[in-house]
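This is my_file-v6.cif (mmCIF, C-alpha atoms).
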```
data_start
loop_
_atom_site.label_atom_id
_atom_site.label_comp_id
_atom_site.auth_asym_id
_atom_site.auth_seq_id
_atom_site.Cartn_x
_atom_site.Cartn_y
_atom_site.Cartn_z
CA MET D 1 0.00 0.00 0.00
CA ARG D 2 1.35 3.42 -0.97
CA ARG D 3 1.93 5.89 1.86
CA ARG D 4 -0.64 8.36 0.46
CA ASP D 5 -3.36 5.67 0.31
CA PHE D 6 -2.58 4.56 3.85
CA ILE D 7 -2.91 8.10 5.21
CA SER D 8 -6.23 8.51 3.41
CA LEU D 9 -7.53 5.25 4.88
CA VAL D 10 -6.50 6.23 8.42
CA GLY D 11 -8.15 9.64 7.99
CA ALA D 12 -11.41 8.10 6.86
CA ALA D 13 -11.44 5.67 9.79
CA THR D 14 -10.72 8.49 12.23
CA ALA D 15 -13.58 10.55 10.84
CA ALA D 16 -15.98 7.61 11.12
CA ALA D 17 -15.01 6.78 14.72
CA PRO D 18 -17.18 9.48 16.42
CA ALA D 19 -20.20 8.34 14.41
CA ILE D 20 -19.67 4.76 15.58
CA VAL D 21 -19.37 5.89 19.19
CA ARG D 22 -22.53 7.99 18.86
CA ALA D 23 -24.41 5.03 17.43
CA GLN D 24 -23.39 2.93 20.44
CA VAL D 25 -24.39 5.62 22.96
CA VAL D 26 -27.72 6.59 21.40
CA ARG D 27 -29.32 3.20 21.98
CA LYS D 28 -33.08 3.32 22.51
CA MET D 29 -34.09 3.17 26.16
CA PRO D 30 -36.76 0.47 26.60
CA THR D 31 -40.22 1.59 27.69
CA VAL D 32 -42.44 -0.50 29.96
CA GLY D 33 -46.02 0.64 30.53
CA TYR D 34 -48.00 -0.55 33.56
CA LEU D 35 -51.80 -0.35 33.83
CA TRP D 36 -52.66 -0.45 37.54
CA HIS D 37 -56.23 -0.52 38.91
CA ALA D 38 -56.39 2.00 41.78
CA GLY D 39 -56.11 5.78 41.65
CA SER D 40 -52.49 6.45 42.66
CA PRO D 41 -49.15 4.87 43.60
CA LYS D 42 -50.11 5.25 47.27
CA GLU D 43 -53.31 3.24 46.77
CA GLU D 44 -51.28 0.54 44.99
CA SER D 45 -48.83 0.19 47.88
CA PRO D 46 -47.04 -2.17 48.55
CA TYR D 47 -47.35 -3.61 45.04
CA TYR D 48 -46.18 -0.44 43.29
CA GLU D 49 -42.97 -0.37 45.35
CA ALA D 50 -42.48 -4.12 44.87
CA LEU D 51 -42.59 -3.75 41.09
CA ILE D 52 -39.97 -0.98 41.18
CA GLU D 53 -37.85 -3.14 43.48
CA GLY D 54 -38.19 -6.08 41.10
CA PHE D 55 -36.77 -4.04 38.23
CA SER D 56 -34.06 -2.63 40.51
CA ARG D 57 -32.90 -6.13 41.43
CA LEU D 58 -32.32 -6.75 37.73
CA GLY D 59 -30.28 -3.57 37.34
CA TYR D 60 -33.00 -1.32 35.91
CA VAL D 61 -33.25 2.28 37.11
CA ASP D 62 -36.19 4.35 35.93
CA GLY D 63 -35.01 7.24 33.75
CA LYS D 64 -31.49 5.85 33.47
CA ASN D 65 -31.73 2.59 31.53
CA ILE D 66 -35.49 2.04 31.42
CA ASN D 67 -38.57 4.21 31.08
CA LEU D 68 -41.38 3.06 33.40
CA VAL D 69 -44.76 4.60 32.55
CA HIS D 70 -47.68 4.14 34.97
CA ARG D 71 -51.41 4.67 34.55
CA PHE D 72 -54.00 4.64 37.39
CA PRO D 73 -57.64 4.14 36.24
CA ASN D 74 -59.13 4.30 39.75
CA GLU D 75 -61.36 1.24 39.09
CA ILE D 76 -63.30 3.06 36.34
CA PRO D 77 -63.94 0.83 33.27
CA ASP D 78 -63.81 3.70 30.75
CA ARG D 79 -60.49 4.84 32.17
CA PHE D 80 -59.12 1.31 31.91
CA ARG D 81 -59.93 1.37 28.20
CA SER D 82 -58.58 4.86 27.50
CA MET D 83 -55.42 4.35 29.53
CA ALA D 84 -54.73 1.00 27.88
CA ALA D 85 -54.99 2.80 24.54
CA GLU D 86 -52.60 5.50 25.80
CA LEU D 87 -49.97 2.93 26.74
CA VAL D 88 -50.31 1.19 23.38
CA ALA D 89 -49.92 4.54 21.59
CA LEU D 90 -46.57 5.00 23.33
CA ASN D 91 -45.33 1.97 21.38
CA ALA D 92 -43.96 0.50 24.59
CA ASP D 93 -41.62 -2.48 24.44
CA VAL D 94 -43.62 -4.30 27.13
CA LEU D 95 -47.02 -3.68 28.73
CA MET D 96 -47.88 -4.92 32.22
CA GLY D 97 -51.07 -5.14 34.25
CA GLY D 98 -52.81 -6.84 37.15
CA SER D 99 -55.83 -9.11 36.97
CA VAL D 100 -58.17 -6.28 35.98
CA GLY D 101 -55.87 -4.34 33.67
CA ALA D 102 -54.63 -7.39 31.75
CA SER D 103 -57.92 -7.89 29.90
CA TYR D 104 -58.02 -4.26 28.79
CA LEU D 105 -54.44 -4.47 27.54
CA ARG D 106 -55.31 -7.66 25.65
CA ASP D 107 -58.20 -5.87 23.94
CA ALA D 108 -55.95 -2.92 23.06
CA THR D 109 -53.15 -4.77 21.25
CA THR D 110 -52.26 -8.15 19.78
CA THR D 111 -48.66 -7.27 18.95
CA ILE D 112 -47.02 -5.57 21.96
CA PRO D 113 -45.86 -8.12 24.57
CA ILE D 114 -47.96 -8.14 27.76
CA VAL D 115 -47.02 -9.45 31.22
CA PHE D 116 -49.83 -9.97 33.73
CA MET D 117 -49.94 -10.81 37.42
CA PHE D 118 -52.74 -11.79 39.84
CA VAL D 119 -54.85 -13.30 37.02
CA PRO D 120 -57.16 -16.05 38.36
CA ASP D 121 -57.74 -18.06 35.16
CA PRO D 122 -55.63 -16.87 32.22
CA VAL D 123 -56.91 -19.62 29.91
CA GLY D 124 -60.57 -19.13 30.83
CA MET D 125 -60.15 -15.37 30.43
CA LYS D 126 -58.71 -15.98 26.95
CA LEU D 127 -55.36 -14.43 27.78
CA ALA D 128 -53.48 -17.59 26.85
CA LYS D 129 -53.97 -20.93 25.13
CA SER D 130 -52.39 -22.89 27.98
CA PHE D 131 -50.16 -22.41 30.99
CA ALA D 132 -47.21 -24.22 29.42
CA ASN D 133 -47.52 -22.58 26.00
CA PRO D 134 -49.36 -19.23 26.16
CA GLY D 135 -49.18 -19.00 22.37
CA GLY D 136 -49.82 -15.28 21.88
CA ASN D 137 -48.42 -11.94 23.03
CA ILE D 138 -49.34 -12.47 26.71
CA THR D 139 -47.80 -14.35 29.65
CA GLY D 140 -47.34 -13.80 33.38
CA LEU D 141 -48.28 -15.05 36.83
CA SER D 142 -51.55 -16.55 38.08
CA ASN D 143 -52.61 -16.39 41.74
CA PHE D 144 -55.90 -18.27 42.08
CA GLY D 145 -57.40 -21.65 41.36
CA ARG D 146 -59.90 -24.25 42.53
CA GLU D 147 -57.63 -25.59 45.27
CA ILE D 148 -57.14 -22.11 46.74
CA ALA D 149 -60.87 -21.41 46.68
CA GLY D 150 -61.59 -24.69 48.42
CA LYS D 151 -58.91 -24.12 51.04
CA ARG D 152 -60.31 -20.69 52.01
CA LEU D 153 -63.82 -22.03 52.47
CA GLN D 154 -62.50 -25.12 54.29
CA LEU D 155 -60.66 -22.91 56.78
CA LEU D 156 -63.82 -20.93 57.48
CA LYS D 157 -65.80 -24.14 57.91
CA GLU D 158 -63.27 -25.45 60.44
CA LEU D 159 -63.19 -22.22 62.42
CA VAL D 160 -66.88 -21.22 62.44
CA PRO D 161 -69.04 -23.85 64.19
CA GLY D 162 -72.11 -24.84 62.21
CA LEU D 163 -71.11 -22.75 59.21
CA LYS D 164 -73.71 -22.95 56.45
CA ARG D 165 -74.03 -19.51 54.83
CA VAL D 166 -71.02 -17.78 53.26
CA GLY D 167 -70.97 -14.42 51.50
CA LEU D 168 -68.80 -13.53 48.51
CA LEU D 169 -68.15 -9.80 48.06
CA THR D 170 -68.05 -9.15 44.32
CA ASN D 171 -67.82 -6.39 41.73
CA PRO D 172 -69.76 -7.21 38.52
CA ASP D 173 -67.87 -4.46 36.65
CA LEU D 174 -64.62 -6.44 36.84
CA GLN D 175 -63.92 -8.85 34.00
CA THR D 176 -62.45 -11.30 36.53
CA ASN D 177 -65.67 -11.41 38.57
CA ARG D 178 -67.23 -14.32 36.68
CA VAL D 179 -64.22 -16.57 37.29
CA TYR D 180 -64.26 -16.01 41.04
CA VAL D 181 -68.02 -16.54 41.32
CA GLU D 182 -67.89 -19.80 39.36
CA VAL D 183 -64.86 -21.26 41.14
CA MET D 184 -65.98 -20.24 44.64
CA GLY D 185 -69.48 -21.52 43.91
CA GLU D 186 -68.21 -24.95 42.93
CA ALA D 187 -65.95 -25.11 46.00
CA ALA D 188 -68.90 -24.18 48.23
CA ARG D 189 -71.09 -26.93 46.73
CA GLN D 190 -68.40 -29.52 47.40
CA LEU D 191 -68.21 -28.41 51.02
CA GLU D 192 -72.02 -28.32 51.32
CA LEU D 193 -72.03 -24.59 51.97
CA SER D 194 -74.50 -22.03 50.66
CA LEU D 195 -72.63 -19.23 48.87
CA GLN D 196 -74.39 -15.93 48.19
CA THR D 197 -72.89 -13.01 46.25
CA PHE D 198 -73.10 -9.38 47.36
CA ASP D 199 -72.15 -6.63 44.92
CA ALA D 200 -70.04 -3.56 45.67
CA ARG D 201 -68.82 -1.63 42.65
CA SER D 202 -66.98 0.88 44.83
CA VAL D 203 -65.77 1.30 48.41
CA ALA D 204 -68.84 3.46 49.09
CA GLU D 205 -71.10 0.50 48.25
CA MET D 206 -69.38 -1.89 50.67
CA GLU D 207 -71.24 -0.94 53.84
CA PRO D 208 -74.68 -1.52 52.25
CA ALA D 209 -73.36 -4.86 50.95
CA PHE D 210 -72.38 -5.91 54.46
CA ASP D 211 -75.73 -4.75 55.82
CA ALA D 212 -77.32 -7.07 53.27
CA MET D 213 -75.04 -9.91 54.42
CA ALA D 214 -76.09 -9.42 58.02
CA LYS D 215 -79.77 -9.36 57.02
CA ALA D 216 -79.29 -12.60 55.06
CA GLY D 217 -77.72 -14.34 58.06
CA ILE D 218 -74.28 -14.70 56.51
CA GLN D 219 -71.87 -16.27 59.02
CA ALA D 220 -68.59 -15.87 57.13
CA MET D 221 -67.37 -14.09 54.01
CA THR D 222 -64.49 -13.63 51.62
CA PRO D 223 -63.96 -11.00 48.90
CA ILE D 224 -63.00 -11.64 45.30
CA GLN D 225 -59.39 -10.72 44.70
CA GLY D 226 -58.03 -7.39 43.48
CA GLY D 227 -59.79 -4.31 42.18
CA THR D 228 -62.22 -2.73 44.62
CA SER D 229 -61.53 -5.40 47.24
CA PHE D 230 -57.92 -4.31 47.43
CA GLN D 231 -58.90 -0.65 47.30
CA GLY D 232 -61.18 -1.23 50.30
CA ARG D 233 -58.81 -3.55 52.16
CA ALA D 234 -58.76 -1.35 55.28
CA VAL D 235 -62.57 -1.14 55.39
CA ILE D 236 -63.75 -4.67 54.64
CA PRO D 237 -62.39 -6.45 57.77
CA LYS D 238 -63.89 -3.77 60.02
CA LEU D 239 -67.29 -3.99 58.32
CA ALA D 240 -67.24 -7.77 58.71
CA LEU D 241 -66.21 -7.70 62.37
CA ALA D 242 -68.83 -5.07 63.25
CA ARG D 243 -71.50 -7.47 61.94
CA HIS D 244 -69.97 -10.52 63.61
CA ILE D 245 -69.05 -12.06 60.26
CA ALA D 246 -65.84 -14.11 60.04
CA MET D 247 -63.64 -13.01 57.13
CA CYS D 248 -61.07 -14.94 55.11
CA ALA D 249 -58.70 -12.56 53.28
CA TYR D 250 -56.67 -13.48 50.20
CA SER D 251 -53.28 -11.91 51.02
CA ARG D 252 -51.24 -10.46 53.85
CA GLU D 253 -52.12 -6.97 52.60
CA THR D 254 -55.87 -7.64 52.92
CA PHE D 255 -55.48 -9.55 56.21
CA GLU D 256 -53.56 -7.07 58.34
CA TYR D 257 -56.55 -4.76 58.95
CA GLY D 258 -58.40 -7.31 61.08
CA ALA D 259 -59.51 -10.33 59.05
CA LEU D 260 -59.88 -13.62 60.91
CA VAL D 261 -57.68 -15.63 58.54
CA SER D 262 -55.95 -15.35 55.19
CA TYR D 263 -54.78 -17.92 52.70
CA GLY D 264 -52.98 -17.19 49.46
CA PRO D 265 -49.65 -16.68 47.70
CA ASP D 266 -47.19 -13.90 48.53
CA GLN D 267 -48.48 -11.23 46.15
CA VAL D 268 -45.73 -8.73 46.95
CA GLU D 269 -43.12 -11.24 45.80
CA MET D 270 -45.27 -11.93 42.76
CA CYS D 271 -44.98 -8.24 41.82
CA ARG D 272 -41.21 -8.41 42.12
CA ARG D 273 -41.20 -11.60 40.08
CA SER D 274 -43.23 -10.04 37.25
CA ALA D 275 -40.22 -7.83 36.43
CA VAL D 276 -38.30 -11.01 35.55
CA PHE D 277 -40.86 -11.74 32.82
CA ALA D 278 -40.49 -8.22 31.41
CA ASP D 279 -36.70 -8.56 31.50
CA LYS D 280 -36.82 -11.79 29.51
CA ILE D 281 -38.93 -10.13 26.84
CA LEU D 282 -36.67 -7.07 26.67
CA LYS D 283 -33.79 -9.47 26.07
CA GLY D 284 -35.54 -11.13 23.14
CA ALA D 285 -37.82 -13.83 24.53
CA LYS D 286 -41.35 -14.14 23.14
CA PRO D 287 -44.36 -14.20 25.50
CA ALA D 288 -45.74 -17.17 23.57
CA ASP D 289 -42.76 -19.24 24.72
CA ILE D 290 -42.65 -18.17 28.39
CA PRO D 291 -44.79 -20.50 30.56
CA ILE D 292 -47.31 -18.92 32.91
CA GLU D 293 -46.29 -19.34 36.53
CA GLN D 294 -48.62 -20.64 39.22
CA PRO D 295 -47.97 -20.14 42.94
CA SER D 296 -46.09 -22.97 44.64
CA SER D 297 -46.13 -21.65 48.22
CA PHE D 298 -48.89 -20.04 50.28
CA GLU D 299 -49.22 -17.94 53.40
CA PHE D 300 -51.69 -19.03 56.07
CA LEU D 301 -52.32 -16.25 58.62
CA ILE D 302 -54.52 -16.20 61.74
CA ASN D 303 -55.64 -13.29 63.91
CA LEU D 304 -56.43 -14.54 67.43
CA LYS D 305 -57.60 -11.11 68.54
CA THR D 306 -60.29 -11.13 65.85
CA ALA D 307 -61.18 -14.72 66.72
CA LYS D 308 -61.73 -13.70 70.34
CA ALA D 309 -63.91 -10.75 69.27
CA LEU D 310 -66.02 -13.18 67.22
CA GLY D 311 -66.22 -15.65 70.10
CA LEU D 312 -64.30 -18.30 68.16
CA GLU D 313 -61.71 -20.81 69.35
CA VAL D 314 -58.83 -21.46 66.95
CA PRO D 315 -57.64 -25.08 67.34
CA LEU D 316 -54.01 -25.47 68.34
CA ASN D 317 -53.24 -27.58 65.27
CA GLN D 318 -54.41 -24.71 63.04
CA GLN D 319 -52.18 -22.29 64.91
CA GLN D 320 -49.23 -24.65 64.46
CA LEU D 321 -49.89 -24.89 60.72
CA ALA D 322 -50.09 -21.10 60.26
CA ASN D 323 -47.17 -19.09 58.92
CA GLU D 324 -48.04 -16.34 61.35
CA VAL D 325 -50.41 -15.98 64.30
CA VAL D 326 -51.36 -12.46 65.38
CA GLU D 327 -51.92 -12.30 69.13
#
```

Translate this structure into structure tokens?
Amino acid sequence: MRRRDFISLVGAATAAAPAIVRAQVVRKMPTVGYLWHAGSPKEESPYYEALIEGFSRLGYVDGKNINLVHRFPNEIPDRFRSMAAELVALNADVLMGGSVGASYLRDATTTIPIVFMFVPDPVGMKLAKSFANPGGNITGLSNFGREIAGKRLQLLKELVPGLKRVGLLTNPDLQTNRVYVEVMGEAARQLELSLQTFDARSVAEMEPAFDAMAKAGIQAMTPIQGGTSFQGRAVIPKLALARHIAMCAYSRETFEYGALVSYGPDQVEMCRRSAVFADKILKGAKPADIPIEQPSSFEFLINLKTAKALGLEVPLNQQQLANEVVE
């Protein structure tokens, strides 16, 4: 190579170097959009913080190497639809949502990957073809099934002498409502219990619903999971106790305000875990190939103070089986 040609080649390479560096630096920051159900981050606590922590554990920092966009519909169906459309319009890399939001995200896009959590029956809700092979643009974590429904009612039957009538606090506006009613109804029939539903579309409607339970002679109750039940988690146990109705909660977060018992998976850890699904997708995995996870461990919690207020004796063997007993 002649000296003049060599110098020209070096000069061209030097000139191109800054462009190469710029191309490496200006890499698109991934965007993840989350459709919550309540009205603010505070109302979504501790799940909101758990999600952020889940991403942090994987090395993601909002605004630095990931863009986390949140929407809070405040349990209003029209807002779920409009906010799902907003997140889709952002052309996010991944969309995420709880049991209520997941269906609205599914209706809003068939191409953007979606990660759900807290979904009771992803196949029945037409979010996936199967647990092992979701087959579409959606995957995630389920938190409810027939065994869990049966266990909650069985616990109430063991703790409330002569239990016959159980109330199920529902919200017909939620797309997940049908699943809970069907599964809990079947579990009640197997245990020879009479299950009656009581509707509350908002926290304001919960007190009248409990008045109706008391009038109907309901001895014990449990709420459907998520949505308004979570939004009213501080109110429901107090309304039940005031009417001498034993309550079975579905998570630690819905138990700690005074429920008699709780049985369910660790939903805070499930929030953290959902970030792992998003991370896999951001790294190239397809939702269709990521199996849906079902809970493998459960928390059984008992509140002896509430039991005493209800005039109930909690057998020692139940206390020994519990993960935590509140004195």

Contact residues around stretch 254-269 of chain D with all atoms listed in the file at 9 Å, ignoring same-chain residues under 2 positions, as a CSV table (one decimal) with C-alpha atoms, in the frame of the given file:
```
chain,number,residue,atom,x,y,z
D,46,PRO,CA,-47.0,-2.2,48.6
D,47,TYR,CA,-47.4,-3.6,45.0
D,49,GLU,CA,-43.0,-0.4,45.4
D,50,ALA,CA,-42.5,-4.1,44.9
D,51,LEU,CA,-42.6,-3.8,41.1
D,54,GLY,CA,-38.2,-6.1,41.1
D,117,MET,CA,-49.9,-10.8,37.4
D,118,PHE,CA,-52.7,-11.8,39.8
D,143,ASN,CA,-52.6,-16.4,41.7
D,144,PHE,CA,-55.9,-18.3,42.1
D,148,ILE,CA,-57.1,-22.1,46.7
D,151,LYS,CA,-58.9,-24.1,51.0
D,152,ARG,CA,-60.3,-20.7,52.0
D,155,LEU,CA,-60.7,-22.9,56.8
D,156,LEU,CA,-63.8,-20.9,57.5
D,229,SER,CA,-61.5,-5.4,47.2
D,230,PHE,CA,-57.9,-4.3,47.4
D,232,GLY,CA,-61.2,-1.2,50.3
D,233,ARG,CA,-58.8,-3.6,52.2
D,234,ALA,CA,-58.8,-1.4,55.3
D,235,VAL,CA,-62.6,-1.1,55.4
D,236,ILE,CA,-63.8,-4.7,54.6
D,237,PRO,CA,-62.4,-6.4,57.8
D,238,LYS,CA,-63.9,-3.8,60.0
D,240,ALA,CA,-67.2,-7.8,58.7
D,241,LEU,CA,-66.2,-7.7,62.4
D,246,ALA,CA,-65.8,-14.1,60.0
D,247,MET,CA,-63.6,-13.0,57.1
D,248,CYS,CA,-61.1,-14.9,55.1
D,249,ALA,CA,-58.7,-12.6,53.3
D,250,TYR,CA,-56.7,-13.5,50.2
D,251,SER,CA,-53.3,-11.9,51.0
D,252,ARG,CA,-51.2,-10.5,53.8
D,271,CYS,CA,-45.0,-8.2,41.8
D,272,ARG,CA,-41.2,-8.4,42.1
D,273,ARG,CA,-41.2,-11.6,40.1
D,274,SER,CA,-43.2,-10.0,37.2
D,295,PRO,CA,-48.0,-20.1,42.9
D,296,SER,CA,-46.1,-23.0,44.6
D,297,SER,CA,-46.1,-21.6,48.2
D,298,PHE,CA,-48.9,-20.0,50.3
D,299,GLU,CA,-49.2,-17.9,53.4
D,300,PHE,CA,-51.7,-19.0,56.1
D,301,LEU,CA,-52.3,-16.2,58.6
D,302,ILE,CA,-54.5,-16.2,61.7
D,303,ASN,CA,-55.6,-13.3,63.9
D,304,LEU,CA,-56.4,-14.5,67.4
D,305,LYS,CA,-57.6,-11.1,68.5
D,306,THR,CA,-60.3,-11.1,65.8
D,307,ALA,CA,-61.2,-14.7,66.7
D,310,LEU,CA,-66.0,-13.2,67.2
```

**Request:** For the file shown, report as number ranges by chain the outcome of the PyMOL selection byres ((chain D and resi 281) around 12) at residue level.
**Result:** D: 30-32, 92-96, 112-115, 137-140, 274-280, 282-290

**Asked** In terms of the shortest atom-to-atom distance over only C-alpha atoms, which of D:Gln320, D:Ser130, D:Asn171, D:Ser142 is closest to D:Phe116?
**Response**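 Of D:Gln320, D:Ser130, D:Asn171, D:Ser142, the one nearest D:Phe116 is D:Ser142, counting only C-alpha atoms.
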
**Prompt:** Could you work out how far atom CA of D:Leu191 lies from atom CA of D:Leu321, giving the answer in Å with one decimal?
**Reply:**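 Between atom CA of D:Leu321 and atom CA of D:Leu191 the gap works out to 21.0 Å.
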
**Request:** Could you check how far atom CA of D:Gly311 sits from atom CA of D:Ser194, in Å to one decimal?
**Result:** 22.1 Å

**Prompt:** Expressed in Å to a single decimal, how great is the separation between atom CA of D:Pro315 and atom CA of D:Glu327?
**Reply:**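 These two atoms are separated by 14.1 Å.
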
Residues around (-76.9, -9.9, 56.8), cut-off 12 Å, counting all atoms listed in the file - what are they as a PDB file with C-alpha atoms, in the frame of the given file?
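The resulting file, out-v4.pdb, is reproduced below:
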```pdb
ATOM      1  CA  ARG D 165     -74.030 -19.510  54.830  1.00  0.00           C
ATOM      2  CA  VAL D 166     -71.020 -17.780  53.260  1.00  0.00           C
ATOM      3  CA  GLY D 167     -70.970 -14.420  51.500  1.00  0.00           C
ATOM      4  CA  GLN D 196     -74.390 -15.930  48.190  1.00  0.00           C
ATOM      5  CA  THR D 197     -72.890 -13.010  46.250  1.00  0.00           C
ATOM      6  CA  PHE D 198     -73.100  -9.380  47.360  1.00  0.00           C
ATOM      7  CA  GLU D 207     -71.240  -0.940  53.840  1.00  0.00           C
ATOM      8  CA  PRO D 208     -74.680  -1.520  52.250  1.00  0.00           C
ATOM      9  CA  ALA D 209     -73.360  -4.860  50.950  1.00  0.00           C
ATOM     10  CA  PHE D 210     -72.380  -5.910  54.460  1.00  0.00           C
ATOM     11  CA  ASP D 211     -75.730  -4.750  55.820  1.00  0.00           C
ATOM     12  CA  ALA D 212     -77.320  -7.070  53.270  1.00  0.00           C
ATOM     13  CA  MET D 213     -75.040  -9.910  54.420  1.00  0.00           C
ATOM     14  CA  ALA D 214     -76.090  -9.420  58.020  1.00  0.00           C
ATOM     15  CA  LYS D 215     -79.770  -9.360  57.020  1.00  0.00           C
ATOM     16  CA  ALA D 216     -79.290 -12.600  55.060  1.00  0.00           C
ATOM     17  CA  GLY D 217     -77.720 -14.340  58.060  1.00  0.00           C
ATOM     18  CA  ILE D 218     -74.280 -14.700  56.510  1.00  0.00           C
ATOM     19  CA  GLN D 219     -71.870 -16.270  59.020  1.00  0.00           C
ATOM     20  CA  ALA D 220     -68.590 -15.870  57.130  1.00  0.00           C
ATOM     21  CA  MET D 221     -67.370 -14.090  54.010  1.00  0.00           C
ATOM     22  CA  LEU D 239     -67.290  -3.990  58.320  1.00  0.00           C
ATOM     23  CA  ALA D 240     -67.240  -7.770  58.710  1.00  0.00           C
ATOM     24  CA  ALA D 242     -68.830  -5.070  63.250  1.00  0.00           C
ATOM     25  CA  ARG D 243     -71.500  -7.470  61.940  1.00  0.00           C
ATOM     26  CA  HIS D 244     -69.970 -10.520  63.610  1.00  0.00           C
ATOM     27  CA  ILE D 245     -69.050 -12.060  60.260  1.00  0.00           C
TER      28      ILE D 245
END
```

**Message:** Using all atoms listed in the file, can you tell me which of D:Glu293, D:Val61, D:Val326, D:His70 comes closest to D:Phe131?
**Reply:** D:Glu293

**Message:** Applying the PyMOL selection byres ((chain D and resi 175-186) around 8) to the file I just gave you, which residues come out? Please list them as a list in words.
**Reply:** Ser99, Val100, Ser103, Val119, Pro120, Asp121, Gly124, Met125, Gly145, Arg146, Ala149, Gly150, Leu168, Thr170, Asn171, Pro172, Asp173, Leu174, Ala187, Ala188, Arg189, Gln190, Leu195, Thr197 and Ile224 of chain D

Residues as selected, C-alpha atoms, written as an mmCIF file, keeping the file's coordinate frame, can you do that?
```cif
data_model
loop_
_atom_site.group_PDB
_atom_site.id
_atom_site.type_symbol
_atom_site.label_atom_id
_atom_site.label_comp_id
_atom_site.auth_asym_id
_atom_site.auth_seq_id
_atom_site.Cartn_x
_atom_site.Cartn_y
_atom_site.Cartn_z
ATOM 1 C CA SER D 99 -55.830 -9.110 36.970
ATOM 2 C CA VAL D 100 -58.170 -6.280 35.980
ATOM 3 C CA SER D 103 -57.920 -7.890 29.900
ATOM 4 C CA VAL D 119 -54.850 -13.300 37.020
ATOM 5 C CA PRO D 120 -57.160 -16.050 38.360
ATOM 6 C CA ASP D 121 -57.740 -18.060 35.160
ATOM 7 C CA GLY D 124 -60.570 -19.130 30.830
ATOM 8 C CA MET D 125 -60.150 -15.370 30.430
ATOM 9 C CA GLY D 145 -57.400 -21.650 41.360
ATOM 10 C CA ARG D 146 -59.900 -24.250 42.530
ATOM 11 C CA ALA D 149 -60.870 -21.410 46.680
ATOM 12 C CA GLY D 150 -61.590 -24.690 48.420
ATOM 13 C CA LEU D 168 -68.800 -13.530 48.510
ATOM 14 C CA THR D 170 -68.050 -9.150 44.320
ATOM 15 C CA ASN D 171 -67.820 -6.390 41.730
ATOM 16 C CA PRO D 172 -69.760 -7.210 38.520
ATOM 17 C CA ASP D 173 -67.870 -4.460 36.650
ATOM 18 C CA LEU D 174 -64.620 -6.440 36.840
ATOM 19 C CA ALA D 187 -65.950 -25.110 46.000
ATOM 20 C CA ALA D 188 -68.900 -24.180 48.230
ATOM 21 C CA ARG D 189 -71.090 -26.930 46.730
ATOM 22 C CA GLN D 190 -68.400 -29.520 47.400
ATOM 23 C CA LEU D 195 -72.630 -19.230 48.870
ATOM 24 C CA THR D 197 -72.890 -13.010 46.250
ATOM 25 C CA ILE D 224 -63.000 -11.640 45.300
#
```

**Request:** Please provide as a PyMOL selection string all residues within 10 Å of stretch 35-39 of chain D, with the sequence filter that same-chain residues fewer than 5 positions apart are discarded (counting all atoms listed in the file).
**Result:** chain D and resi 44-45+47-48+69-77+79-80+83-84+86-87+95-102+104-105+116+226-228+230-231

May I have the centre and edge lengths, in Å to one decimal, of an axis-aligned box around the listed atoms of stretch 256-264 of chain D with 6 Å added to every side, as lines of an AutoDock Vina configuration file?
```
center_x = -56.4
center_y = -11.3
center_z = 55.3
size_x = 18.9
size_y = 25.2
size_z = 23.6
```

**Message:** Measuring between only C-alpha atoms, which one of D:Gln225, D:Asn65, D:Ser56, D:Asn91 shows the shortest distance to D:Gly33?
**Reply:**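 Smallest distance to D:Gly33 is found for D:Asn91.
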
**Asked** Of the candidates D:Arg57, D:Lys42, D:Lys64, D:Lys164, which one gets nearest to D:Met29 if we count all atoms listed in the file?
**Response**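 Checking each of D:Arg57, D:Lys42, D:Lys64, D:Lys164 against D:Met29, counting all atoms listed in the file, the winner is D:Lys64.
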